[in-house]
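> This one is input05.txt, compact mmCIF, N, CA and C atoms and all ligand atoms.
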# COMPACT_ATOMS: atom_id res chain seq x y z
N MET A 1 0.84 -1.18 0.00
CA MET A 1 0.00 0.00 0.00
C MET A 1 0.89 1.25 0.00
N VAL A 2 0.50 2.19 -0.83
CA VAL A 2 1.27 3.42 -0.95
C VAL A 2 0.85 4.41 0.13
N GLN A 3 1.82 4.97 0.82
CA GLN A 3 1.55 5.97 1.85
C GLN A 3 1.08 7.29 1.20
N LYS A 4 -0.09 7.77 1.65
CA LYS A 4 -0.54 9.08 1.21
C LYS A 4 0.03 10.14 2.13
N ASN A 5 0.41 11.25 1.54
CA ASN A 5 0.88 12.39 2.32
C ASN A 5 -0.07 13.56 2.15
N ILE A 6 0.00 14.47 3.08
CA ILE A 6 -0.74 15.72 2.99
C ILE A 6 0.30 16.84 2.91
N THR A 7 0.12 17.72 1.96
CA THR A 7 0.97 18.90 1.88
C THR A 7 0.27 20.00 2.68
N VAL A 8 0.91 20.42 3.74
CA VAL A 8 0.30 21.35 4.68
C VAL A 8 1.00 22.71 4.62
N THR A 9 0.21 23.76 4.53
CA THR A 9 0.75 25.12 4.62
C THR A 9 0.18 25.75 5.88
N VAL A 10 1.05 26.23 6.74
CA VAL A 10 0.64 26.90 7.98
C VAL A 10 1.07 28.36 7.90
N LEU A 11 0.12 29.26 8.15
CA LEU A 11 0.47 30.68 8.19
C LEU A 11 1.11 30.97 9.54
N ARG A 12 2.41 31.29 9.50
CA ARG A 12 3.17 31.57 10.72
C ARG A 12 3.26 33.07 10.92
N THR A 13 2.90 33.53 12.10
CA THR A 13 2.95 34.95 12.37
C THR A 13 3.48 35.21 13.77
N ASP A 14 4.41 36.11 13.87
CA ASP A 14 4.86 36.61 15.16
C ASP A 14 4.70 38.13 15.11
N PRO A 15 3.59 38.65 15.67
CA PRO A 15 3.32 40.09 15.56
C PRO A 15 4.42 40.97 16.15
N GLU A 16 5.24 40.42 17.05
CA GLU A 16 6.33 41.22 17.61
C GLU A 16 7.44 41.44 16.59
N LYS A 17 7.52 40.58 15.59
CA LYS A 17 8.55 40.73 14.55
C LYS A 17 7.99 41.32 13.28
N SER A 18 6.79 40.88 12.89
CA SER A 18 6.19 41.34 11.64
C SER A 18 4.71 40.98 11.63
N ASP A 19 3.90 41.82 11.08
CA ASP A 19 2.47 41.52 10.96
C ASP A 19 2.16 40.68 9.74
N ALA A 20 3.06 40.64 8.79
CA ALA A 20 2.77 40.02 7.49
C ALA A 20 2.59 38.51 7.58
N GLY A 21 3.42 37.85 8.34
CA GLY A 21 3.34 36.40 8.41
C GLY A 21 4.00 35.74 7.22
N THR A 22 4.36 34.48 7.40
CA THR A 22 4.95 33.71 6.31
C THR A 22 4.25 32.36 6.21
N LYS A 23 4.19 31.83 5.02
CA LYS A 23 3.58 30.53 4.80
C LYS A 23 4.68 29.47 4.86
N GLN A 24 4.49 28.51 5.75
CA GLN A 24 5.47 27.44 5.89
C GLN A 24 4.83 26.12 5.48
N ARG A 25 5.55 25.37 4.67
CA ARG A 25 5.00 24.12 4.14
C ARG A 25 5.64 22.90 4.81
N TYR A 26 4.81 21.89 5.01
CA TYR A 26 5.24 20.64 5.62
C TYR A 26 4.61 19.49 4.84
N THR A 27 5.24 18.34 4.90
CA THR A 27 4.65 17.12 4.36
C THR A 27 4.39 16.17 5.52
N VAL A 28 3.12 15.79 5.67
CA VAL A 28 2.69 14.97 6.80
C VAL A 28 2.09 13.67 6.27
N PRO A 29 2.51 12.51 6.81
CA PRO A 29 1.90 11.25 6.39
C PRO A 29 0.44 11.17 6.86
N PHE A 30 -0.43 10.77 5.96
CA PHE A 30 -1.87 10.69 6.26
C PHE A 30 -2.19 9.37 6.94
N THR A 31 -3.04 9.44 7.96
CA THR A 31 -3.62 8.23 8.54
C THR A 31 -5.14 8.41 8.56
N GLU A 32 -5.85 7.30 8.37
CA GLU A 32 -7.31 7.33 8.31
C GLU A 32 -7.90 7.96 9.57
N GLY A 33 -8.86 8.85 9.41
CA GLY A 33 -9.53 9.48 10.54
C GLY A 33 -8.79 10.67 11.12
N MET A 34 -7.74 11.10 10.44
CA MET A 34 -6.91 12.20 10.93
C MET A 34 -7.67 13.53 10.90
N SER A 35 -7.50 14.34 11.95
CA SER A 35 -8.09 15.68 11.98
C SER A 35 -6.99 16.72 11.72
N ALA A 36 -7.42 17.95 11.50
CA ALA A 36 -6.44 19.03 11.32
C ALA A 36 -5.58 19.18 12.57
N MET A 37 -6.16 18.91 13.75
CA MET A 37 -5.38 18.95 14.99
C MET A 37 -4.32 17.86 15.00
N ASP A 38 -4.67 16.66 14.50
CA ASP A 38 -3.69 15.58 14.42
C ASP A 38 -2.53 15.97 13.51
N VAL A 39 -2.84 16.69 12.43
CA VAL A 39 -1.80 17.16 11.52
C VAL A 39 -0.86 18.11 12.26
N LEU A 40 -1.44 19.05 13.02
CA LEU A 40 -0.61 19.99 13.78
C LEU A 40 0.22 19.25 14.83
N ASP A 41 -0.40 18.25 15.47
CA ASP A 41 0.36 17.46 16.46
C ASP A 41 1.56 16.78 15.78
N TYR A 42 1.33 16.23 14.58
CA TYR A 42 2.44 15.55 13.89
C TYR A 42 3.54 16.55 13.57
N ILE A 43 3.16 17.72 13.06
CA ILE A 43 4.16 18.74 12.74
C ILE A 43 4.95 19.10 14.00
N TYR A 44 4.23 19.36 15.09
CA TYR A 44 4.89 19.75 16.34
C TYR A 44 5.82 18.65 16.86
N GLN A 45 5.36 17.41 16.81
CA GLN A 45 6.12 16.31 17.41
C GLN A 45 7.25 15.78 16.53
N HIS A 46 7.13 15.94 15.20
CA HIS A 46 8.12 15.31 14.32
C HIS A 46 8.87 16.27 13.40
N LEU A 47 8.30 17.43 13.11
CA LEU A 47 8.91 18.28 12.09
C LEU A 47 9.35 19.65 12.61
N ASP A 48 8.54 20.27 13.46
CA ASP A 48 8.84 21.66 13.83
C ASP A 48 8.13 22.01 15.14
N SER A 49 8.86 21.94 16.23
CA SER A 49 8.25 22.20 17.55
C SER A 49 8.06 23.68 17.82
N SER A 50 8.39 24.52 16.85
CA SER A 50 8.20 25.96 17.06
C SER A 50 6.81 26.43 16.62
N VAL A 51 6.03 25.58 15.96
CA VAL A 51 4.69 26.00 15.52
C VAL A 51 3.78 26.15 16.74
N ALA A 52 3.07 27.29 16.81
CA ALA A 52 2.22 27.58 17.98
C ALA A 52 0.76 27.34 17.63
N TYR A 53 0.08 26.53 18.44
CA TYR A 53 -1.34 26.24 18.28
C TYR A 53 -1.85 25.73 19.62
N TYR A 54 -3.16 25.74 19.81
CA TYR A 54 -3.71 25.20 21.04
C TYR A 54 -3.74 23.69 20.93
N ASP A 55 -3.12 23.03 21.87
CA ASP A 55 -3.16 21.58 21.89
C ASP A 55 -3.64 21.15 23.27
N HIS A 56 -2.73 21.06 24.20
CA HIS A 56 -3.10 20.59 25.54
C HIS A 56 -4.01 21.58 26.27
N ALA A 57 -4.01 22.83 25.85
CA ALA A 57 -4.88 23.83 26.50
C ALA A 57 -6.32 23.68 26.05
N GLY A 58 -6.55 22.94 24.97
CA GLY A 58 -7.90 22.79 24.44
C GLY A 58 -8.52 21.47 24.88
N CYS A 59 -9.81 21.34 24.63
CA CYS A 59 -10.55 20.15 25.08
C CYS A 59 -10.39 18.96 24.13
N GLY A 60 -10.17 19.23 22.85
CA GLY A 60 -10.07 18.15 21.87
C GLY A 60 -11.41 17.50 21.54
N LEU A 61 -12.50 18.09 22.03
CA LEU A 61 -13.83 17.49 21.89
C LEU A 61 -14.82 18.37 21.13
N GLY A 62 -14.39 19.51 20.65
CA GLY A 62 -15.31 20.41 19.96
C GLY A 62 -16.15 21.25 20.89
N ILE A 63 -15.73 21.42 22.12
CA ILE A 63 -16.52 22.15 23.11
C ILE A 63 -15.96 23.56 23.38
N CYS A 64 -14.66 23.67 23.58
CA CYS A 64 -14.10 24.94 24.06
C CYS A 64 -13.90 25.97 22.95
N ALA A 65 -13.77 25.54 21.72
CA ALA A 65 -13.57 26.40 20.54
C ALA A 65 -12.23 27.13 20.55
N ARG A 66 -11.30 26.72 21.40
CA ARG A 66 -9.98 27.38 21.41
C ARG A 66 -9.19 27.06 20.15
N CYS A 67 -9.53 25.97 19.49
CA CYS A 67 -8.78 25.58 18.29
C CYS A 67 -9.43 26.10 17.01
N THR A 68 -10.24 27.13 17.12
CA THR A 68 -10.88 27.70 15.93
C THR A 68 -9.82 28.30 15.01
N GLY A 69 -9.96 28.01 13.74
CA GLY A 69 -9.04 28.56 12.75
C GLY A 69 -9.68 28.46 11.38
N ARG A 70 -8.91 28.75 10.37
CA ARG A 70 -9.37 28.61 8.99
C ARG A 70 -8.69 27.38 8.40
N ILE A 71 -9.53 26.50 7.87
CA ILE A 71 -9.06 25.26 7.28
C ILE A 71 -9.44 25.30 5.81
N ASN A 72 -8.44 25.40 4.95
CA ASN A 72 -8.67 25.58 3.51
C ASN A 72 -9.67 26.73 3.26
N GLY A 73 -9.50 27.80 4.02
CA GLY A 73 -10.28 29.02 3.80
C GLY A 73 -11.59 29.09 4.55
N LYS A 74 -12.01 28.01 5.19
CA LYS A 74 -13.28 28.02 5.91
C LYS A 74 -13.03 27.94 7.41
N ALA A 75 -13.80 28.72 8.19
CA ALA A 75 -13.65 28.69 9.63
C ALA A 75 -14.12 27.35 10.17
N GLY A 76 -13.40 26.83 11.16
CA GLY A 76 -13.76 25.56 11.76
C GLY A 76 -12.89 25.26 12.95
N LEU A 77 -13.16 24.12 13.55
CA LEU A 77 -12.37 23.67 14.70
C LEU A 77 -11.33 22.67 14.21
N PHE A 78 -10.08 22.93 14.51
CA PHE A 78 -9.02 22.01 14.07
C PHE A 78 -9.25 20.60 14.62
N CYS A 79 -9.74 20.50 15.86
CA CYS A 79 -9.88 19.17 16.48
C CYS A 79 -11.05 18.37 15.92
N GLN A 80 -11.96 19.03 15.21
CA GLN A 80 -13.16 18.35 14.72
C GLN A 80 -13.21 18.26 13.19
N THR A 81 -12.20 18.74 12.52
CA THR A 81 -12.22 18.78 11.06
C THR A 81 -11.36 17.66 10.47
N PRO A 82 -11.99 16.69 9.83
CA PRO A 82 -11.20 15.62 9.21
C PRO A 82 -10.47 16.14 7.97
N VAL A 83 -9.34 15.51 7.68
CA VAL A 83 -8.56 15.90 6.51
C VAL A 83 -8.49 14.73 5.54
N ASP A 84 -8.22 15.04 4.29
CA ASP A 84 -8.10 14.03 3.25
C ASP A 84 -6.63 13.71 2.99
N GLY A 85 -6.35 12.46 2.68
CA GLY A 85 -5.00 12.09 2.31
C GLY A 85 -4.71 12.47 0.87
N GLY A 86 -3.47 12.79 0.60
CA GLY A 86 -3.04 13.08 -0.77
C GLY A 86 -3.37 14.47 -1.25
N GLY A 87 -3.91 15.30 -0.37
CA GLY A 87 -4.29 16.64 -0.80
C GLY A 87 -3.49 17.74 -0.16
N GLU A 88 -3.99 18.94 -0.36
CA GLU A 88 -3.38 20.14 0.22
C GLU A 88 -4.23 20.59 1.39
N LEU A 89 -3.59 21.09 2.42
CA LEU A 89 -4.28 21.59 3.60
C LEU A 89 -3.64 22.92 3.98
N VAL A 90 -4.48 23.95 4.11
CA VAL A 90 -3.98 25.27 4.50
C VAL A 90 -4.60 25.62 5.85
N LEU A 91 -3.77 25.86 6.85
CA LEU A 91 -4.22 26.19 8.19
C LEU A 91 -3.79 27.61 8.53
N GLU A 92 -4.79 28.43 8.90
CA GLU A 92 -4.53 29.84 9.20
C GLU A 92 -5.32 30.24 10.44
N PRO A 93 -4.92 31.34 11.08
CA PRO A 93 -5.75 31.88 12.16
C PRO A 93 -7.01 32.51 11.56
N THR A 94 -8.02 32.74 12.39
CA THR A 94 -9.28 33.29 11.87
C THR A 94 -9.17 34.76 11.47
N GLY A 95 -8.27 35.48 12.09
CA GLY A 95 -8.09 36.88 11.75
C GLY A 95 -6.71 37.33 12.15
N LYS A 96 -6.18 38.32 11.47
CA LYS A 96 -4.81 38.74 11.76
C LYS A 96 -4.73 39.71 12.93
N ASP A 97 -5.84 40.38 13.27
CA ASP A 97 -5.78 41.43 14.29
C ASP A 97 -5.59 40.89 15.71
N ARG A 98 -5.96 39.64 15.96
CA ARG A 98 -5.85 39.08 17.31
C ARG A 98 -4.83 37.95 17.41
N VAL A 99 -3.97 37.82 16.44
CA VAL A 99 -3.00 36.72 16.48
C VAL A 99 -1.95 36.99 17.55
N GLN A 100 -1.80 36.02 18.42
CA GLN A 100 -0.73 36.11 19.43
C GLN A 100 0.55 35.56 18.82
N ARG A 101 0.44 34.39 18.20
CA ARG A 101 1.54 33.79 17.44
C ARG A 101 0.99 32.62 16.63
N ASP A 102 1.30 32.55 15.38
CA ASP A 102 0.88 31.47 14.47
C ASP A 102 -0.64 31.25 14.52
N LEU A 103 -1.09 30.14 15.13
CA LEU A 103 -2.52 29.81 15.15
C LEU A 103 -3.14 30.07 16.52
N VAL A 104 -2.43 30.76 17.38
CA VAL A 104 -2.94 31.09 18.72
C VAL A 104 -3.45 32.52 18.71
N MET A 105 -4.71 32.66 19.14
CA MET A 105 -5.35 33.98 19.14
C MET A 105 -5.41 34.54 20.57
N LYS A 106 -5.34 35.87 20.66
CA LYS A 106 -5.53 36.53 21.96
C LYS A 106 -7.00 36.44 22.32
N LYS A 107 -7.28 36.38 23.62
CA LYS A 107 -8.67 36.37 24.07
C LYS A 107 -9.26 37.76 23.85
N LYS A 108 -10.58 37.80 23.62
CA LYS A 108 -11.26 39.09 23.42
C LYS A 108 -11.36 39.82 24.74
S1 LIG B 1 -9.76 21.95 21.38
FE1 LIG B 1 -11.71 22.49 22.24
S2 LIG B 1 -12.98 22.67 20.49
FE2 LIG B 1 -11.07 22.02 19.67
Written as structure tokens, that's how I'd like the structure from this file.

Amino acid sequence: MVQKNITVTVLRTDPEKSDAGTKQRYTVPFTEGMSAMDVLDYIYQHLDSSVAYYDHAGCGLGICARCTGRINGKAGLFCQTPVDGGGELVLEPTGKDRVQRDLVMKKK
């Protein structure tokens, strides 16, 4: 069986350095039932531990909404959004004005 990969682009932003942000690409091996949060976990654990997102601070159950972001341009919860193998995945914060860093937003 051929391993499917996902090409992932994460919008990385550190407002203390620049508001513009940069797009960083990763290749993540796909596993059946994977969510966008699982993709971020893989990136953090195996490819780049500097990516900032809510993981342990969130519920992982679709309740707290701390993992809200844009997934391929649509707002959603990273922990509840399944991803497809062999495709492209773009993960961004919901808005640039409240970005604390990468995919972590400041509280209102
Ligand atoms: S981590 Fe709580 S809704 Fe996703």
> Could you list the protein, DNA and RNA residues that have any atom within 6 Å of ligand LIG 1 (chain B), counting all atoms listed in the file, and write them as a ChimeraX atom specification?
/A:58-68,77-80
> Excluding Arg25 (chain A) and its own-chain neighbours fewer than 5 positions away, which residues fall within 6 Å of it when counting only N, CA and C atoms? Please give them as a PDB file with N, CA and C atoms, in the frame of the given file.

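Final file, result-v8.pdb:
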ATOM      1  N   VAL A   8       0.910  20.420   3.740  1.00  0.00           N
ATOM      2  CA  VAL A   8       0.300  21.350   4.680  1.00  0.00           C
ATOM      3  C   VAL A   8       1.000  22.710   4.620  1.00  0.00           C
ATOM      4  N   THR A   9       0.210  23.760   4.530  1.00  0.00           N
ATOM      5  CA  THR A   9       0.750  25.120   4.620  1.00  0.00           C
ATOM      6  C   THR A   9       0.180  25.750   5.880  1.00  0.00           C
ATOM      7  N   VAL A  10       1.050  26.230   6.740  1.00  0.00           N
ATOM      8  CA  VAL A  10       0.640  26.900   7.980  1.00  0.00           C
ATOM      9  C   VAL A  10       1.070  28.360   7.900  1.00  0.00           C
TER      10      VAL A  10
END
> Hey, what does DSSP flag as helix (DSSP H, G or I) within chain A? Can you give it to me as a list in words?
Ala36, Met37, Asp38, Val39, Leu40, Asp41, Tyr42, Ile43, Tyr44, Gln45, His46, Leu47, Phe78, Cys79 and Gln80 of chain A
> Please indicate the distance in Å from CA of Val99 (chain A) to atom N of Tyr54 (chain A), rounded to one decimal place.
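Between CA of Val99 (chain A) and atom N of Tyr54 (chain A) the gap is 11.5 Å.
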> Can you tell me, as number ranges by chain, which residues in chain A count as strand (DSSP E) by DSSP?
A: 5-14, 18-29, 68-71, 74-77, 88-92, 99-101, 104-105
> If you keep N, CA and C atoms, can you produce a file of those selected residues as a short mmCIF file (atom, residue, chain, number, x, y, z; two decimals), in the coordinates of the input?

data_model
loop_
_atom_site.label_atom_id
_atom_site.label_comp_id
_atom_site.auth_asym_id
_atom_site.auth_seq_id
_atom_site.Cartn_x
_atom_site.Cartn_y
_atom_site.Cartn_z
N ASN A 5 0.41 11.25 1.54
CA ASN A 5 0.88 12.39 2.32
C ASN A 5 -0.07 13.56 2.15
N ILE A 6 0.00 14.47 3.08
CA ILE A 6 -0.74 15.72 2.99
C ILE A 6 0.30 16.84 2.91
N THR A 7 0.12 17.72 1.96
CA THR A 7 0.97 18.90 1.88
C THR A 7 0.27 20.00 2.68
N VAL A 8 0.91 20.42 3.74
CA VAL A 8 0.30 21.35 4.68
C VAL A 8 1.00 22.71 4.62
N THR A 9 0.21 23.76 4.53
CA THR A 9 0.75 25.12 4.62
C THR A 9 0.18 25.75 5.88
N VAL A 10 1.05 26.23 6.74
CA VAL A 10 0.64 26.90 7.98
C VAL A 10 1.07 28.36 7.90
N LEU A 11 0.12 29.26 8.15
CA LEU A 11 0.47 30.68 8.19
C LEU A 11 1.11 30.97 9.54
N ARG A 12 2.41 31.29 9.50
CA ARG A 12 3.17 31.57 10.72
C ARG A 12 3.26 33.07 10.92
N THR A 13 2.90 33.53 12.10
CA THR A 13 2.95 34.95 12.37
C THR A 13 3.48 35.21 13.77
N ASP A 14 4.41 36.11 13.87
CA ASP A 14 4.86 36.61 15.16
C ASP A 14 4.70 38.13 15.11
N SER A 18 6.79 40.88 12.89
CA SER A 18 6.19 41.34 11.64
C SER A 18 4.71 40.98 11.63
N ASP A 19 3.90 41.82 11.08
CA ASP A 19 2.47 41.52 10.96
C ASP A 19 2.16 40.68 9.74
N ALA A 20 3.06 40.64 8.79
CA ALA A 20 2.77 40.02 7.49
C ALA A 20 2.59 38.51 7.58
N GLY A 21 3.42 37.85 8.34
CA GLY A 21 3.34 36.40 8.41
C GLY A 21 4.00 35.74 7.22
N THR A 22 4.36 34.48 7.40
CA THR A 22 4.95 33.71 6.31
C THR A 22 4.25 32.36 6.21
N LYS A 23 4.19 31.83 5.02
CA LYS A 23 3.58 30.53 4.80
C LYS A 23 4.68 29.47 4.86
N GLN A 24 4.49 28.51 5.75
CA GLN A 24 5.47 27.44 5.89
C GLN A 24 4.83 26.12 5.48
N ARG A 25 5.55 25.37 4.67
CA ARG A 25 5.00 24.12 4.14
C ARG A 25 5.64 22.90 4.81
N TYR A 26 4.81 21.89 5.01
CA TYR A 26 5.24 20.64 5.62
C TYR A 26 4.61 19.49 4.84
N THR A 27 5.24 18.34 4.90
CA THR A 27 4.65 17.12 4.36
C THR A 27 4.39 16.17 5.52
N VAL A 28 3.12 15.79 5.67
CA VAL A 28 2.69 14.97 6.80
C VAL A 28 2.09 13.67 6.27
N PRO A 29 2.51 12.51 6.81
CA PRO A 29 1.90 11.25 6.39
C PRO A 29 0.44 11.17 6.86
N THR A 68 -10.24 27.13 17.12
CA THR A 68 -10.88 27.70 15.93
C THR A 68 -9.82 28.30 15.01
N GLY A 69 -9.96 28.01 13.74
CA GLY A 69 -9.04 28.56 12.75
C GLY A 69 -9.68 28.46 11.38
N ARG A 70 -8.91 28.75 10.37
CA ARG A 70 -9.37 28.61 8.99
C ARG A 70 -8.69 27.38 8.40
N ILE A 71 -9.53 26.50 7.87
CA ILE A 71 -9.06 25.26 7.28
C ILE A 71 -9.44 25.30 5.81
N LYS A 74 -12.01 28.01 5.19
CA LYS A 74 -13.28 28.02 5.91
C LYS A 74 -13.03 27.94 7.41
N ALA A 75 -13.80 28.72 8.19
CA ALA A 75 -13.65 28.69 9.63
C ALA A 75 -14.12 27.35 10.17
N GLY A 76 -13.40 26.83 11.16
CA GLY A 76 -13.76 25.56 11.76
C GLY A 76 -12.89 25.26 12.95
N LEU A 77 -13.16 24.12 13.55
CA LEU A 77 -12.37 23.67 14.70
C LEU A 77 -11.33 22.67 14.21
N GLU A 88 -3.99 18.94 -0.36
CA GLU A 88 -3.38 20.14 0.22
C GLU A 88 -4.23 20.59 1.39
N LEU A 89 -3.59 21.09 2.42
CA LEU A 89 -4.28 21.59 3.60
C LEU A 89 -3.64 22.92 3.98
N VAL A 90 -4.48 23.95 4.11
CA VAL A 90 -3.98 25.27 4.50
C VAL A 90 -4.60 25.62 5.85
N LEU A 91 -3.77 25.86 6.85
CA LEU A 91 -4.22 26.19 8.19
C LEU A 91 -3.79 27.61 8.53
N GLU A 92 -4.79 28.43 8.90
CA GLU A 92 -4.53 29.84 9.20
C GLU A 92 -5.32 30.24 10.44
N VAL A 99 -3.97 37.82 16.44
CA VAL A 99 -3.00 36.72 16.48
C VAL A 99 -1.95 36.99 17.55
N GLN A 100 -1.80 36.02 18.42
CA GLN A 100 -0.73 36.11 19.43
C GLN A 100 0.55 35.56 18.82
N ARG A 101 0.44 34.39 18.20
CA ARG A 101 1.54 33.79 17.44
C ARG A 101 0.99 32.62 16.63
N VAL A 104 -2.43 30.76 17.38
CA VAL A 104 -2.94 31.09 18.72
C VAL A 104 -3.45 32.52 18.71
N MET A 105 -4.71 32.66 19.14
CA MET A 105 -5.35 33.98 19.14
C MET A 105 -5.41 34.54 20.57
#
> Between atom N of Gln45 (chain A) and atom C of Gly21 (chain A), what is the distance, to one decimal in Å?
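Going from atom N of Gln45 (chain A) over to atom C of Gly21 (chain A) covers 20.7 Å.
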> Of the candidates A:Ile71, A:Ala52, A:Leu89, A:Ala57, which one gets nearest to Val104 (chain A) if we count all atoms listed in the file?
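Closest candidate: A:Ala52.
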> For Thr94 (chain A), which residue out of A:Arg12, A:Arg70, A:Lys106, A:Lys4 is the nearest one, using all atoms listed in the file?
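Selected residue with least distance to Thr94 (chain A): A:Arg70.
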> How big is the axis-aligned box around all listed atoms of region 86-100 of chain A once 8 Å goes on each side, and where's its centre, in Å to one decimal, as AutoDock Vina command-line options?

--center_x -4.4 --center_y 27.1 --center_z 9.1 --size_x 25.8 --size_y 44.6 --size_z 36.7
> Kindly give the distance, in Å, that separates CA of Asn72 (chain A) and CA of Val90 (chain A), rounded to a single decimal.
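Interatomic distance, CA of Asn72 (chain A) to CA of Val90 (chain A): 4.8 Å.
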> Would you please work out which residue, of A:Met1, A:Val28, A:Ala36, A:Ala20, is nearest to Gly86 (chain A) when using all atoms listed in the file?
A:Val28
> Using only N, CA and C atoms, which of the listed residues (A:Val51, A:Thr7, A:Glu16, A:Val2) sits closest to Glu88 (chain A)?
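For Glu88 (chain A), the nearest of the given residues is A:Thr7.
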> Have a look at A:Thr22, A:Asn5, A:Thr31, A:Gln100 and name the one nearest to Tyr53 (chain A); count only C-alpha atoms.
A:Gln100
> Using only C-alpha atoms, which residue out of A:Met34, A:Thr27, A:Asp84, A:Leu11 lies closest to Gly69 (chain A)?
A:Leu11
